[in-house]
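Engineer: If you scroll down you'll find the structure; I have some questions about it.
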Amino acid sequence: MIPSSFIAVDWGTSNCRAYLISDGACVRSLNGLPGALHLGKDDFAGVVAGIRAELGDLPMLLSGMVGSTVGWIEADYCFVPVNQDSLAGKLFWIDPRTAIVPGVAQADSTSPDVMRGEEVQFFGAAKLLGSEAPFIFCQPGTHSKWAKLVDGKILEFATSMTGEVFGLLKSHSVLAAALGGKVEANSYFEQGVAHSAESEALNELFRVRAGTLLLGWDNARASAYASGLLIGAEVRGRLMGDCRVCLVADEILASLYRAAIVALGGEVVPLGVREALVAGVGEIARSAFGFGDDR
C-alpha cells in the first residue's frame with residue numbers, strides 16, 4: 001500500500017507556499033518561499049530540493065505559476081469545461097515523483113482567459129461545500145479569479161487585474177502619495193464600492209487626489225476609497241443578481257471582498273485558501289501517485 005502522504009506546492013508569482021499533506025490533512029507548511037518572478041529557470045530545482053529537505057522526501061504536486069512561461073517548465077492547459085480528472089490526466093512530470101498541475105484556459109474568441117493554481121482551490125471549495133456549493137466562486141488577489149462550477153466542472157471563468165492596478169496606482173501614479181494608508185472595510189471603502197457604478201470611473205479615481213488636496217482626506221481614507229472603487233467595479237461585473245459567492249481568501253482580502261459582495265446584494269460563503277487547496281489537491285494526488293492502490 002502506498003502511503004497517502006505528499007507535498008503540495010502553491011507557487012504564485014510573488015510567493016510560494018508548500019504543504020505537507022498526510023491522510024487528507026495538512027500537518028505542516030512552509031511560507032515565504034520565493035515566487036516564480038523572483039527565480040530563474042535554473043533555480044526551481046533547488047527550491048524543490050529545499051522543500052523536500054524540510055518536509056520530507058515525498059511525492060510532490062506543484063500548481064500555479066511554476067508551470068507558466070515565467071516558471072520552471074511551461075505546462076500545457078486544459079480547456080473548459082474542466083474537472084479534476086482533466087487536470088490529473090494532463091500532469092507534466094518533472095520526474096517520477098514530481099509533477100506540475102496543468103493550467104486552465106478559455107479559448108472563447110470574445111473572452112479568452114487563463115489561470116494557474118486557482119482551479120485546484122475552486123475544485124477543493126466545491127468538494128467541501130458539496131450540495132451547498134454556490135453558483136459562483138471567487139479567489140481575490142493580484143489577478144482575481146471568478147469561476148462558474150456546475151457538477152464538479154469549471155464551465156467558464158474570468159480574471160480581473162484589480163490587485164495589480166491598485167499596486168500600480170500606489171507605486172507609479174499621481175495618487176501614490178495618498179495611497180500609503182492601510183486599507184480596511186470601513187465606511188470609506190463602502191463609499192468607494194457605492195460610487196463604483198459611476199460611468200466615469202477614472203474621474204472617480206482622480207477625486208482621491210482632489211479629496212486629499214481640498215478636503216483634507218488622510219491616507220487611510222484615500223486608500224480605502226480607491227480600493228472600494230476598484231473592488232466594487234470588479235464585483236459589479238461578476239455578480240448575477242442576489243447570488244451566493246464562495247469566497248476563497250484569507251485575512252484582509254476576505255474582509256474587503258466580503259464587504260463589497262454583501263453591499264452589492266450578494267451572499268458570501270467563506271473558505272480559507274489552505275483549506276480549499278488541501279481539499280482540491282487530494283483527488284489529483286490520488287490519481288497521480290496511486291494512493292490507496294496496491295502496487
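Within each chain, counting starts at residue 1; across the C-alpha cells, chains are named A, B, ... in the order shown, with ligands numbered 1 upward in that order.
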Which parts of range 125-272 of chain A does DSSP call strand (DSSP E or B) when run on the backbone here, written out as a PyMOL selection string?

Structural biologist: chain A and resi 136-139+144-150+153-160+244-248+267-271

Engineer: Atoms to include: N, CA, C and O atoms. Write the selected residues as an mmCIF file, in the first residue's frame.

Structural biologist:
```
data_model
loop_
_atom_site.group_PDB
_atom_site.id
_atom_site.type_symbol
_atom_site.label_atom_id
_atom_site.label_comp_id
_atom_site.auth_asym_id
_atom_site.auth_seq_id
_atom_site.Cartn_x
_atom_site.Cartn_y
_atom_site.Cartn_z
ATOM 1 N N ILE A 136 -21.227 30.795 -7.903
ATOM 2 C CA ILE A 136 -20.007 31.479 -8.318
ATOM 3 C C ILE A 136 -18.922 31.283 -7.266
ATOM 4 O O ILE A 136 -19.195 31.281 -6.065
ATOM 5 N N PHE A 137 -17.695 31.141 -7.738
ATOM 6 C CA PHE A 137 -16.535 31.042 -6.855
ATOM 7 C C PHE A 137 -15.594 32.198 -7.169
ATOM 8 O O PHE A 137 -15.416 32.564 -8.329
ATOM 9 N N CYS A 138 -14.977 32.756 -6.121
ATOM 10 C CA CYS A 138 -14.070 33.885 -6.305
ATOM 11 C C CYS A 138 -12.828 33.689 -5.461
ATOM 12 O O CYS A 138 -12.924 33.342 -4.269
ATOM 13 N N GLN A 139 -11.670 33.895 -6.072
ATOM 14 C CA GLN A 139 -10.431 33.989 -5.311
ATOM 15 C C GLN A 139 -9.771 35.325 -5.634
ATOM 16 O O GLN A 139 -9.234 35.524 -6.720
ATOM 17 N N SER A 144 -7.522 38.613 -9.684
ATOM 18 C CA SER A 144 -8.642 37.890 -9.080
ATOM 19 C C SER A 144 -9.328 36.982 -10.106
ATOM 20 O O SER A 144 -9.466 37.345 -11.273
ATOM 21 N N LYS A 145 -9.741 35.826 -9.622
ATOM 22 C CA LYS A 145 -10.416 34.853 -10.487
ATOM 23 C C LYS A 145 -11.844 34.622 -10.013
ATOM 24 O O LYS A 145 -12.109 34.466 -8.818
ATOM 25 N N TRP A 146 -12.755 34.588 -10.973
ATOM 26 C CA TRP A 146 -14.156 34.250 -10.736
ATOM 27 C C TRP A 146 -14.512 33.085 -11.643
ATOM 28 O O TRP A 146 -14.176 33.101 -12.831
ATOM 29 N N ALA A 147 -15.158 32.069 -11.091
ATOM 30 C CA ALA A 147 -15.453 30.879 -11.888
ATOM 31 C C ALA A 147 -16.859 30.365 -11.623
ATOM 32 O O ALA A 147 -17.383 30.477 -10.510
ATOM 33 N N LYS A 148 -17.447 29.806 -12.664
ATOM 34 C CA LYS A 148 -18.738 29.125 -12.558
ATOM 35 C C LYS A 148 -18.479 27.626 -12.599
ATOM 36 O O LYS A 148 -17.897 27.119 -13.569
ATOM 37 N N LEU A 149 -18.874 26.918 -11.541
ATOM 38 C CA LEU A 149 -18.734 25.470 -11.470
ATOM 39 C C LEU A 149 -20.108 24.828 -11.392
ATOM 40 O O LEU A 149 -20.967 25.263 -10.620
ATOM 41 N N VAL A 150 -20.301 23.786 -12.167
ATOM 42 C CA VAL A 150 -21.535 23.012 -12.140
ATOM 43 C C VAL A 150 -21.168 21.533 -12.211
ATOM 44 O O VAL A 150 -20.390 21.122 -13.087
ATOM 45 N N LYS A 153 -17.468 20.686 -12.512
ATOM 46 C CA LYS A 153 -16.735 21.152 -13.693
ATOM 47 C C LYS A 153 -16.669 22.676 -13.712
ATOM 48 O O LYS A 153 -17.660 23.356 -13.406
ATOM 49 N N ILE A 154 -15.507 23.205 -14.067
ATOM 50 C CA ILE A 154 -15.390 24.628 -14.345
ATOM 51 C C ILE A 154 -15.902 24.850 -15.762
ATOM 52 O O ILE A 154 -15.324 24.351 -16.725
ATOM 53 N N LEU A 155 -16.982 25.608 -15.873
ATOM 54 C CA LEU A 155 -17.583 25.850 -17.185
ATOM 55 C C LEU A 155 -17.056 27.133 -17.827
ATOM 56 O O LEU A 155 -16.899 27.201 -19.041
ATOM 57 N N GLU A 156 -16.802 28.140 -16.994
ATOM 58 C CA GLU A 156 -16.286 29.407 -17.503
ATOM 59 C C GLU A 156 -15.645 30.168 -16.346
ATOM 60 O O GLU A 156 -15.939 29.904 -15.174
ATOM 61 N N PHE A 157 -14.780 31.115 -16.663
ATOM 62 C CA PHE A 157 -14.149 31.902 -15.613
ATOM 63 C C PHE A 157 -13.695 33.236 -16.190
ATOM 64 O O PHE A 157 -13.691 33.447 -17.408
ATOM 65 N N ALA A 158 -13.332 34.136 -15.284
ATOM 66 C CA ALA A 158 -12.899 35.472 -15.696
ATOM 67 C C ALA A 158 -11.856 35.987 -14.717
ATOM 68 O O ALA A 158 -11.885 35.665 -13.528
ATOM 69 N N THR A 159 -10.930 36.778 -15.237
ATOM 70 C CA THR A 159 -9.847 37.351 -14.436
ATOM 71 C C THR A 159 -9.982 38.863 -14.387
ATOM 72 O O THR A 159 -10.254 39.500 -15.407
ATOM 73 N N SER A 160 -9.779 39.433 -13.198
ATOM 74 C CA SER A 160 -9.756 40.885 -13.028
ATOM 75 C C SER A 160 -8.397 41.287 -12.457
ATOM 76 O O SER A 160 -7.939 40.715 -11.469
ATOM 77 N N ARG A 244 -25.081 33.603 -4.501
ATOM 78 C CA ARG A 244 -24.158 33.180 -3.454
ATOM 79 C C ARG A 244 -22.775 33.044 -4.060
ATOM 80 O O ARG A 244 -22.606 32.436 -5.117
ATOM 81 N N VAL A 245 -21.783 33.584 -3.367
ATOM 82 C CA VAL A 245 -20.401 33.552 -3.838
ATOM 83 C C VAL A 245 -19.543 32.836 -2.809
ATOM 84 O O VAL A 245 -19.512 33.230 -1.633
ATOM 85 N N CYS A 246 -18.859 31.781 -3.225
ATOM 86 C CA CYS A 246 -17.860 31.163 -2.354
ATOM 87 C C CYS A 246 -16.586 31.975 -2.479
ATOM 88 O O CYS A 246 -15.977 32.045 -3.547
ATOM 89 N N LEU A 247 -16.183 32.593 -1.390
ATOM 90 C CA LEU A 247 -15.021 33.466 -1.376
ATOM 91 C C LEU A 247 -13.844 32.707 -0.780
ATOM 92 O O LEU A 247 -13.808 32.427 0.422
ATOM 93 N N VAL A 248 -12.879 32.346 -1.630
ATOM 94 C CA VAL A 248 -11.693 31.605 -1.195
ATOM 95 C C VAL A 248 -10.589 32.630 -0.957
ATOM 96 O O VAL A 248 -9.917 33.071 -1.891
ATOM 97 N N GLU A 267 -24.476 37.105 -1.414
ATOM 98 C CA GLU A 267 -24.279 36.367 -0.157
ATOM 99 C C GLU A 267 -22.926 35.677 -0.227
ATOM 100 O O GLU A 267 -22.556 35.113 -1.263
ATOM 101 N N VAL A 268 -22.170 35.711 0.874
ATOM 102 C CA VAL A 268 -20.808 35.170 0.876
ATOM 103 C C VAL A 268 -20.747 33.870 1.670
ATOM 104 O O VAL A 268 -21.247 33.786 2.797
ATOM 105 N N VAL A 269 -20.122 32.861 1.062
ATOM 106 C CA VAL A 269 -19.774 31.621 1.751
ATOM 107 C C VAL A 269 -18.254 31.602 1.843
ATOM 108 O O VAL A 269 -17.573 31.436 0.829
ATOM 109 N N PRO A 270 -17.652 31.804 3.035
ATOM 110 C CA PRO A 270 -16.199 31.947 3.135
ATOM 111 C C PRO A 270 -15.468 30.616 3.286
ATOM 112 O O PRO A 270 -15.947 29.692 3.934
ATOM 113 N N LEU A 271 -14.284 30.544 2.680
ATOM 114 C CA LEU A 271 -13.373 29.414 2.854
ATOM 115 C C LEU A 271 -11.941 29.930 2.818
ATOM 116 O O LEU A 271 -11.622 30.836 2.052
#
```

Engineer: Taking 3 positions as the minimum chain separation for residues in the same chain, which residues sit within 12 Å of range 52-54 of chain A when counting only C-alpha atoms? Answer as a list in words.

Structural biologist: Phe6, Ile7, Ala8, Val9, Ala18, Tyr19, Leu20, Arg28, Ser29, Leu30, Asn31, Ala45, Gly46, Val47, Val48, Ala49, Asp57, Leu58, Pro59, Met60, Leu61, Arg97 and Thr98 of chain A

Engineer: Might you pull out every residue within 6 Å of Gly266 in chain A, with only C-alpha atoms counted and same-chain residues fewer than 5 positions away left off, and present them as a PyMOL selection string?

Structural biologist: chain A and resi 242-244+261

Engineer: Let me see the file: selected residues, N, CA and C atoms, as an mmCIF file, in the first residue's frame.

Structural biologist:
```
data_model
loop_
_atom_site.group_PDB
_atom_site.id
_atom_site.type_symbol
_atom_site.label_atom_id
_atom_site.label_comp_id
_atom_site.auth_asym_id
_atom_site.auth_seq_id
_atom_site.Cartn_x
_atom_site.Cartn_y
_atom_site.Cartn_z
ATOM 1 N N ASP A 242 -28.878 38.438 -6.784
ATOM 2 C CA ASP A 242 -28.558 38.165 -5.383
ATOM 3 C C ASP A 242 -28.018 36.746 -5.246
ATOM 4 N N CYS A 243 -26.856 36.496 -5.858
ATOM 5 C CA CYS A 243 -26.302 35.145 -5.896
ATOM 6 C C CYS A 243 -25.403 34.877 -4.694
ATOM 7 N N ARG A 244 -25.081 33.603 -4.501
ATOM 8 C CA ARG A 244 -24.158 33.180 -3.454
ATOM 9 C C ARG A 244 -22.775 33.044 -4.060
ATOM 10 N N ILE A 261 -19.166 42.411 -1.780
ATOM 11 C CA ILE A 261 -20.186 41.490 -2.290
ATOM 12 C C ILE A 261 -21.508 41.700 -1.565
#
```

Engineer: In Å, rounded to a single decimal, give me how far CA of Arg116 in chain A is from CA of Ser68 in chain A.

Structural biologist: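 Pair CA of Ser68 in chain A / CA of Arg116 in chain A returns 7.7 Å.
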
Engineer: Point out the residue among A:Gly237, A:Gly40, A:Gly12, A:Gly124 with the least atom-to-atom distance to Leu277 in chain A, counting only C-alpha atoms.

Structural biologist: A:Gly124

Engineer: So which one's closest to Asp76 in chain A, A:Pro134, A:Gly56, A:Gly64, A:Pro102? Using only C-alpha atoms, please.

Structural biologist: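 Nearest candidate to Asp76 in chain A out of A:Pro134, A:Gly56, A:Gly64, A:Pro102: A:Pro102.
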
Engineer: Determine the nearest neighbour of Leu169 in chain A from the options A:Gln121, A:Asn219, A:Thr212, A:Ser227, counting only C-alpha atoms.

Structural biologist: A:Ser227

Engineer: Can you pull out the residues contacting range 175-188 of chain A? Cut-off 8 Å, using only C-alpha atoms, and skip same-chain residues under 6 positions away; I want them as a ChimeraX atom specification.

Structural biologist: /A:169,206,208-209,212,218-225,227-228,252,255-256,259

Engineer: Could the residues in this selection be saved with C-alpha atoms as a PDB file, in the first residue's frame?

Structural biologist:
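See again-v4.pdb below for the written result:
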```
ATOM      1  CA  LEU A 169      -1.597  53.282  -8.598  1.00  0.00           C
ATOM      2  CA  PHE A 206      -8.870  61.308  -9.636  1.00  0.00           C
ATOM      3  CA  VAL A 208      -8.967  60.716  -4.499  1.00  0.00           C
ATOM      4  CA  ARG A 209      -6.276  63.270  -5.287  1.00  0.00           C
ATOM      5  CA  THR A 212      -6.536  64.983  -0.330  1.00  0.00           C
ATOM      6  CA  ASP A 218      -5.799  61.383   5.007  1.00  0.00           C
ATOM      7  CA  ASN A 219      -4.018  58.368   3.539  1.00  0.00           C
ATOM      8  CA  ALA A 220      -6.265  55.859   5.285  1.00  0.00           C
ATOM      9  CA  ARG A 221      -9.418  57.408   3.803  1.00  0.00           C
ATOM     10  CA  ALA A 222      -7.907  57.816   0.345  1.00  0.00           C
ATOM     11  CA  SER A 223      -6.603  54.226   0.260  1.00  0.00           C
ATOM     12  CA  ALA A 224      -9.872  52.715   1.438  1.00  0.00           C
ATOM     13  CA  TYR A 225     -11.926  54.767  -1.018  1.00  0.00           C
ATOM     14  CA  SER A 227      -9.711  50.226  -3.084  1.00  0.00           C
ATOM     15  CA  GLY A 228     -13.504  50.311  -2.767  1.00  0.00           C
ATOM     16  CA  ILE A 252      -7.687  41.392   4.649  1.00  0.00           C
ATOM     17  CA  SER A 255     -12.905  41.165   4.603  1.00  0.00           C
ATOM     18  CA  LEU A 256     -12.741  43.601   1.684  1.00  0.00           C
ATOM     19  CA  ALA A 259     -17.949  43.778   2.324  1.00  0.00           C
TER      20      ALA A 259
END
```

Engineer: List every residue of range 51-271 of chain A that DSSP, applied to the backbone of this structure, assigns to alpha helix (DSSP H), and report them as a PyMOL selection string.

Structural biologist: chain A and resi 51-55+84-88+118-129+162-172+187-195+201-214+219-238+251-263

Engineer: To one decimal place in Å, what is the distance between CA of Val120 in chain A and CA of Tyr257 in chain A?

Structural biologist: 20.4 Å

Engineer: Skip Ser22 in chain A itself and residues of its chain fewer than 2 positions away, then list as an MDAnalysis selection string all residues within 9 Å of it, counting only C-alpha atoms.

Structural biologist: chainID A and resid 3:7 20 24:27
